[in-house]
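Scroll down for the structure; my scribbles are underneath it.
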Amino acid sequence: MTLVFSQLFTGISIGAVLLLIALGLSLTFGQMNVINMAHGEFIMAGAYTVYVLQQVISGAGVSLLVALPVAFLVAGAMGVVLERLLIRRLYTRRLDTLLVTWGVSLLLQQLARDVFGAPNVQTQAPELLTGSVKILSTGAGDLVLANSRLFILALALLAVAALTLLLRATPLGRRVRAVVQNRDLAAASGIATGRVDRVTFFIGSGLAGVAGVALTLVGPIGPTMGTNIIIDAFLVVVVGGIGQLKGTVIVAFALGMMQSLVEYSTTISVAKVLVFLAIVAFLQWRPQGLFTLRTRSLA
Amino acid sequence: MTGPGTAAGRGRFRLRASQSRARTAAGFGLAAVALFAVAPLALGDFRLNLLAKYLCMAIVAVGIGLAWGRGGMLVLGQGVFFGLGGYAMAMHLKLADAGPGDLPDFMRLYGQVERLPWWWEPFTSPVFALAAVVLVPMALAFLLGSLVFRRRVRGAYFAILSQALAAAMAIYLIGEQGTTGGTNGLTDIQGFFGYDLADPANQRVVYFIVAACLLLMLAVARQLMLSRYGELLVATRDAEERVRFLGYDPARVKLVAYVVAAGMAGLAGALFVPAVGIISPALIGVVPSIEFVIGVALGGRATLVGPALGAVGLAWAKTALSEQFPAGWTYFEGLLFVLVVAFLPGGLGSVAGLVRRRRAVPAGAPEAPEAPPGVRPGGPPEVPSFLDPRAASSSPLEGTVDGAVDGALEAPAPGEPTREVAP
């Protein structure tokens with residue numbers, strides 16, 4: 001019983017990491033219909049922000065809290081620059097944008113390697129987050145949850161809540177939703193779609209920075225950390241469907257859970273293959289993802 | 001009106017076709033001379049061996065040119081098929097090196113495997129291994145493609161899926177170290193069907209085999225591109241829905257190109273093994289898979305020889321530059337890729353054409369004179385619908401509907417190499 005619970009929680013915490021990474025991606029993907037391959041490097045930028053801030057601010061807890069908004073701004077600014085310089089120009093060639101942003105990610109990785117060195121760097125986790133909480137005590141053993149995992153879960157849920165609020169309850173969110181649903185009609189109604197694109201890209205990329213901060217608690221920080229996790233995040237977005245957050249949320253946790261359970265019964269390499277097969281099978285059933293915006297377009 | 005429909009157009013078309021046939025023959029002749037005479041004479045053993053490796057990349061690139069350049073499918077996972085071909089060949093060569101009844105060296109080294117796994121068994125037969133080199137990748141591509149294309153998974157979705165396949169395969173190979181060699185892959189391959197690969201003379205033969213295969217694949221790609229099927233493939237890339245309305249099945253059209261590209265990648269992988277002596281997950285994962293695509297983008301994705309030249313050029317530049325400046329190379333590669341894809345979608349080869357067009361048009365004049373409304377460039381002036389004889393016999397409403405449908409299905413602008421119908 002304890003085992004089932006602890007596997008479930010492992011699944012949920014993998015899902016929370018996936019959700020944090022995929023949240024910004026689904027926003028930018030839904031908005032511009034562009035998969036930004038440099039998203040992983042924005043995550044990396046967020047993680048290195050923590051590293052740099054810890055050189056300046058000594059307290060691990062304070063620096064982590066300061067890093068959250070700073071990383072949001074840093075990654076967001078990078079996103080805006082990318083959008084202004086390249087993505088906007090390639091509006092009619094969306095598949096090419098995927099390739100161009102991959103070139104950008106290559107450049108950013110090398111930049112990180114030159115600035116911070118090729119080996120992984122270490123950050124300190126605040127003391128509060130290094131311990132664990134005993135949730136359940138049974139005869140067979142205790143169910144223990146790591147504080148850092150709980151923190152990531154809370155952060156992910158907070159980000160979803162904030163984003164939902166932003167999209168549902170603000171004028172900006174209304175404009176974003178309008179552009180996602182029908183760009184031409186939104187432009188015709190007087191929405192400055194270019195400005196909306198920029199803001200969306202800022203928020204989506206900023207969320208990548210926040211995800212980077214969270215990742216410093218669970219994994220190493222290095223120049224290639226972005227590429228290792230980004231493909232899973234892409235899959236979450238593809239399976240979840242465009243333009244709606246609930247698809248991303250559900251699929252992130254479902255994939256995390258599946259990864260954890262399959263990994264437990266087989267090995268990590270078999271789990272990857274099985275998850276891939278499951279996704280292909282799923283797309284047979286819903287080729288446009290779990291939730292789709294109903295449009296009248298042919299595609 | 002000088003379209004292919006009119007008599008003058010047909011004549012010009014035939015002239016162009018015969019001209020292009022002569023040019024192709026000359027091109028193939030030149031390439032054959034360069035590959036079979038000039039290169040072996042001019043290059044030393046080491047450089048020739050490197051060239052053989054580059055030509056393997058070029059074979060993959062020809063397939064990508066077909067699937068991506070002509071078919072519009074952004075294949076980010078060709079490394080998988082390259083790897084399947086490579087591992088099939090390497091498994092046979094390892095077994096042949098070990099001798100009958102013996103395990104390949106790495107299996108004994110890791111000590112986890114007592115006897116040969118069942119899926120290694122058939123690879124003792126050279127015939128099976130050679131068939132598997134091409135057929136296994138094609139079978140996987142057929143399976144994945146027929147599932148995915150029929151459900152109209154395309155564009156970025158397809159690209160991500162193909163990339164995830166590459167990631168899953170690399171992770172799987174690394175995880176199953178005992179039977180696949182893990183991160184190291186299958187290394188230290190000594191013989192090639194009874195010939196010693198350490199012998200430079202035999203390495204030359206391997207080079208010749210690779211070069212011949214490349215020319216053969218180019219010929220296959222050319223035949224496909226010029227055939228009726230090739231037209232259909234381009235049509236599917238540019239307006240998939242329209243092809244469907246015309247009664248064709250776009251899924252099947254795309255599937256053929258995808259399977260052929262996979263077969264080419266498998267063949268390239270198999271040739272890579274004797275040429276380089278190793279196949280490993282690092283050669284087939286996400287990054288090498290995208291590098292295949294970079295070469296194709298550099299050379300010009302929709303052309304016949306562009307992808308091959310781009311792949312050879314990129315691989316050569318990588319060897320030449322990364323030896324001297326390892327960090328500089330990554331910047332160079334990233335920047336080159338960004339600039340070419342963003343600003344030269346036709347590849348580096350299109351620069352000449354752009355310059356020529358710029359010269360032909362005097363400075364200051366617009367490149368294409370804008371047609372006044374209602375006049376199709378190069379066609380007869382279009383009669384406004386209320387004066388149209390067709391419209392006269394029917395209600396004006398029908399004319400409007402007709403026009404609306406026409407506008408909705410408008411073909412994409414020419415000169416746009418990849419268009420994707422928004423999902």
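Each chain in the structure tokens gets a letter, A, B and so on, in the order shown; residues start at 1 in every chain, and ligands are counted from 1 in the order they appear.
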Which polymer residues have any atom within 7 Å of an atom of region 156-165 of chain B, counting only C-alpha atoms, with same-chain residues fewer than 3 positions away left out, as a PDB file with N, CA, C and O atoms, in the first residue's frame?
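Heads up, here's the output in around09.pdb:
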ATOM      1  N   ILE A  35       6.600  25.731 -32.393  1.00  0.00           N
ATOM      2  CA  ILE A  35       7.265  25.060 -31.287  1.00  0.00           C
ATOM      3  C   ILE A  35       8.638  25.683 -31.114  1.00  0.00           C
ATOM      4  O   ILE A  35       9.447  25.671 -32.041  1.00  0.00           O
ATOM      5  N   LEU A  95       7.035  25.628 -39.720  1.00  0.00           N
ATOM      6  CA  LEU A  95       7.946  24.500 -39.488  1.00  0.00           C
ATOM      7  C   LEU A  95       9.388  24.978 -39.465  1.00  0.00           C
ATOM      8  O   LEU A  95      10.217  24.462 -38.724  1.00  0.00           O
ATOM      9  N   ILE A 231      12.090  17.364 -24.735  1.00  0.00           N
ATOM     10  CA  ILE A 231      11.302  16.515 -25.635  1.00  0.00           C
ATOM     11  C   ILE A 231      10.063  15.990 -24.921  1.00  0.00           C
ATOM     12  O   ILE A 231       8.968  15.942 -25.490  1.00  0.00           O
ATOM     13  N   PHE A 234       7.589  18.718 -25.002  1.00  0.00           N
ATOM     14  CA  PHE A 234       6.930  18.808 -26.308  1.00  0.00           C
ATOM     15  C   PHE A 234       5.806  17.791 -26.400  1.00  0.00           C
ATOM     16  O   PHE A 234       4.719  18.083 -26.881  1.00  0.00           O
ATOM     17  N   VAL A 238       1.913  18.305 -27.285  1.00  0.00           N
ATOM     18  CA  VAL A 238       1.293  17.674 -28.448  1.00  0.00           C
ATOM     19  C   VAL A 238       0.094  16.825 -28.027  1.00  0.00           C
ATOM     20  O   VAL A 238      -0.967  16.877 -28.638  1.00  0.00           O
TER      21      VAL A 238
ATOM     22  N   LEU B  74       8.644  17.284 -41.939  1.00  0.00           N
ATOM     23  CA  LEU B  74       9.893  17.608 -41.257  1.00  0.00           C
ATOM     24  C   LEU B  74      10.311  16.394 -40.434  1.00  0.00           C
ATOM     25  O   LEU B  74       9.798  16.154 -39.350  1.00  0.00           O
ATOM     26  N   VAL B  75      11.235  15.610 -40.985  1.00  0.00           N
ATOM     27  CA  VAL B  75      11.642  14.362 -40.331  1.00  0.00           C
ATOM     28  C   VAL B  75      12.817  14.665 -39.405  1.00  0.00           C
ATOM     29  O   VAL B  75      13.941  14.840 -39.844  1.00  0.00           O
ATOM     30  N   LEU B  76      12.540  14.737 -38.110  1.00  0.00           N
ATOM     31  CA  LEU B  76      13.602  15.041 -37.153  1.00  0.00           C
ATOM     32  C   LEU B  76      14.166  13.772 -36.531  1.00  0.00           C
ATOM     33  O   LEU B  76      14.928  13.839 -35.588  1.00  0.00           O
ATOM     34  N   GLY B  77      13.783  12.618 -37.066  1.00  0.00           N
ATOM     35  CA  GLY B  77      14.239  11.374 -36.440  1.00  0.00           C
ATOM     36  C   GLY B  77      14.861  10.401 -37.418  1.00  0.00           C
ATOM     37  O   GLY B  77      14.775   9.192 -37.219  1.00  0.00           O
ATOM     38  N   VAL B 153      -1.886  13.524 -38.566  1.00  0.00           N
ATOM     39  CA  VAL B 153      -0.924  14.155 -37.659  1.00  0.00           C
ATOM     40  C   VAL B 153       0.171  14.733 -38.539  1.00  0.00           C
ATOM     41  O   VAL B 153       0.802  14.013 -39.295  1.00  0.00           O
ATOM     42  N   ALA B 168      13.676   8.171 -27.830  1.00  0.00           N
ATOM     43  CA  ALA B 168      13.323   6.902 -27.193  1.00  0.00           C
ATOM     44  C   ALA B 168      14.289   5.808 -27.623  1.00  0.00           C
ATOM     45  O   ALA B 168      14.742   4.998 -26.806  1.00  0.00           O
ATOM     46  N   MET B 169      14.640   5.798 -28.913  1.00  0.00           N
ATOM     47  CA  MET B 169      15.526   4.745 -29.397  1.00  0.00           C
ATOM     48  C   MET B 169      16.914   4.859 -28.774  1.00  0.00           C
ATOM     49  O   MET B 169      17.495   3.854 -28.356  1.00  0.00           O
ATOM     50  N   VAL B 286      18.937  12.485 -30.918  1.00  0.00           N
ATOM     51  CA  VAL B 286      18.225  13.690 -31.339  1.00  0.00           C
ATOM     52  C   VAL B 286      19.145  14.650 -32.080  1.00  0.00           C
ATOM     53  O   VAL B 286      18.804  15.156 -33.156  1.00  0.00           O
TER      54      VAL B 286
END
When the cut-off is 6 Å and we count only C-alpha atoms, which residues of chain B are near chain A, given as JSON, numbers by chain? {"B": [151, 153, 168, 171, 172, 175, 331, 334, 337, 338, 423]}
The distance between CA of Ile43 (chain A) and CA of Glu127 (chain A) is 23.4 Å
Work out how far CA of Ile152 (chain A) is from CA of Gln54 (chain A), in Å to one decimal.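 So the answer is 19.2 Å.
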Between B:Thr187, B:Thr179, B:Ser289, B:Thr236, which has the minimum distance to Pro274 (chain B) (counting only C-alpha atoms)?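 That would be B:Thr187, the residue with the smallest distance to Pro274 (chain B).
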Measure the distance from CA of Val38 (chain B) to CA of Leu55 (chain B) in Å and round it to one decimal.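 Computing it gives 15.0 Å between the two atoms.
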Identify, on the basis of only C-alpha atoms, every residue whose closest approach to region 19-23 of chain A does not exceed 6 Å; exclude the query and any residue fewer than 3 positions from it along the same chain; express the result as a list of chain:residue names.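 What passes the distance filter is A:Gly15, A:Ala16, A:Ser26, A:Ala156, A:Ala208, A:Ala211, A:Ala233, A:Ala252.
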I need the chosen residues saved as an mmCIF file, in the first residue's frame, with C-alpha atoms.
data_model
loop_
_atom_site.group_PDB
_atom_site.id
_atom_site.type_symbol
_atom_site.label_atom_id
_atom_site.label_comp_id
_atom_site.auth_asym_id
_atom_site.auth_seq_id
_atom_site.Cartn_x
_atom_site.Cartn_y
_atom_site.Cartn_z
ATOM 1 C CA GLY A 15 4.205 15.342 -13.593
ATOM 2 C CA ALA A 16 4.667 18.616 -11.704
ATOM 3 C CA SER A 26 1.866 25.344 -24.502
ATOM 4 C CA ALA A 156 3.376 24.240 -10.576
ATOM 5 C CA ALA A 208 10.398 28.515 -18.522
ATOM 6 C CA ALA A 211 10.705 26.032 -14.226
ATOM 7 C CA ALA A 233 7.613 18.687 -22.562
ATOM 8 C CA ALA A 252 1.553 16.246 -17.677
#
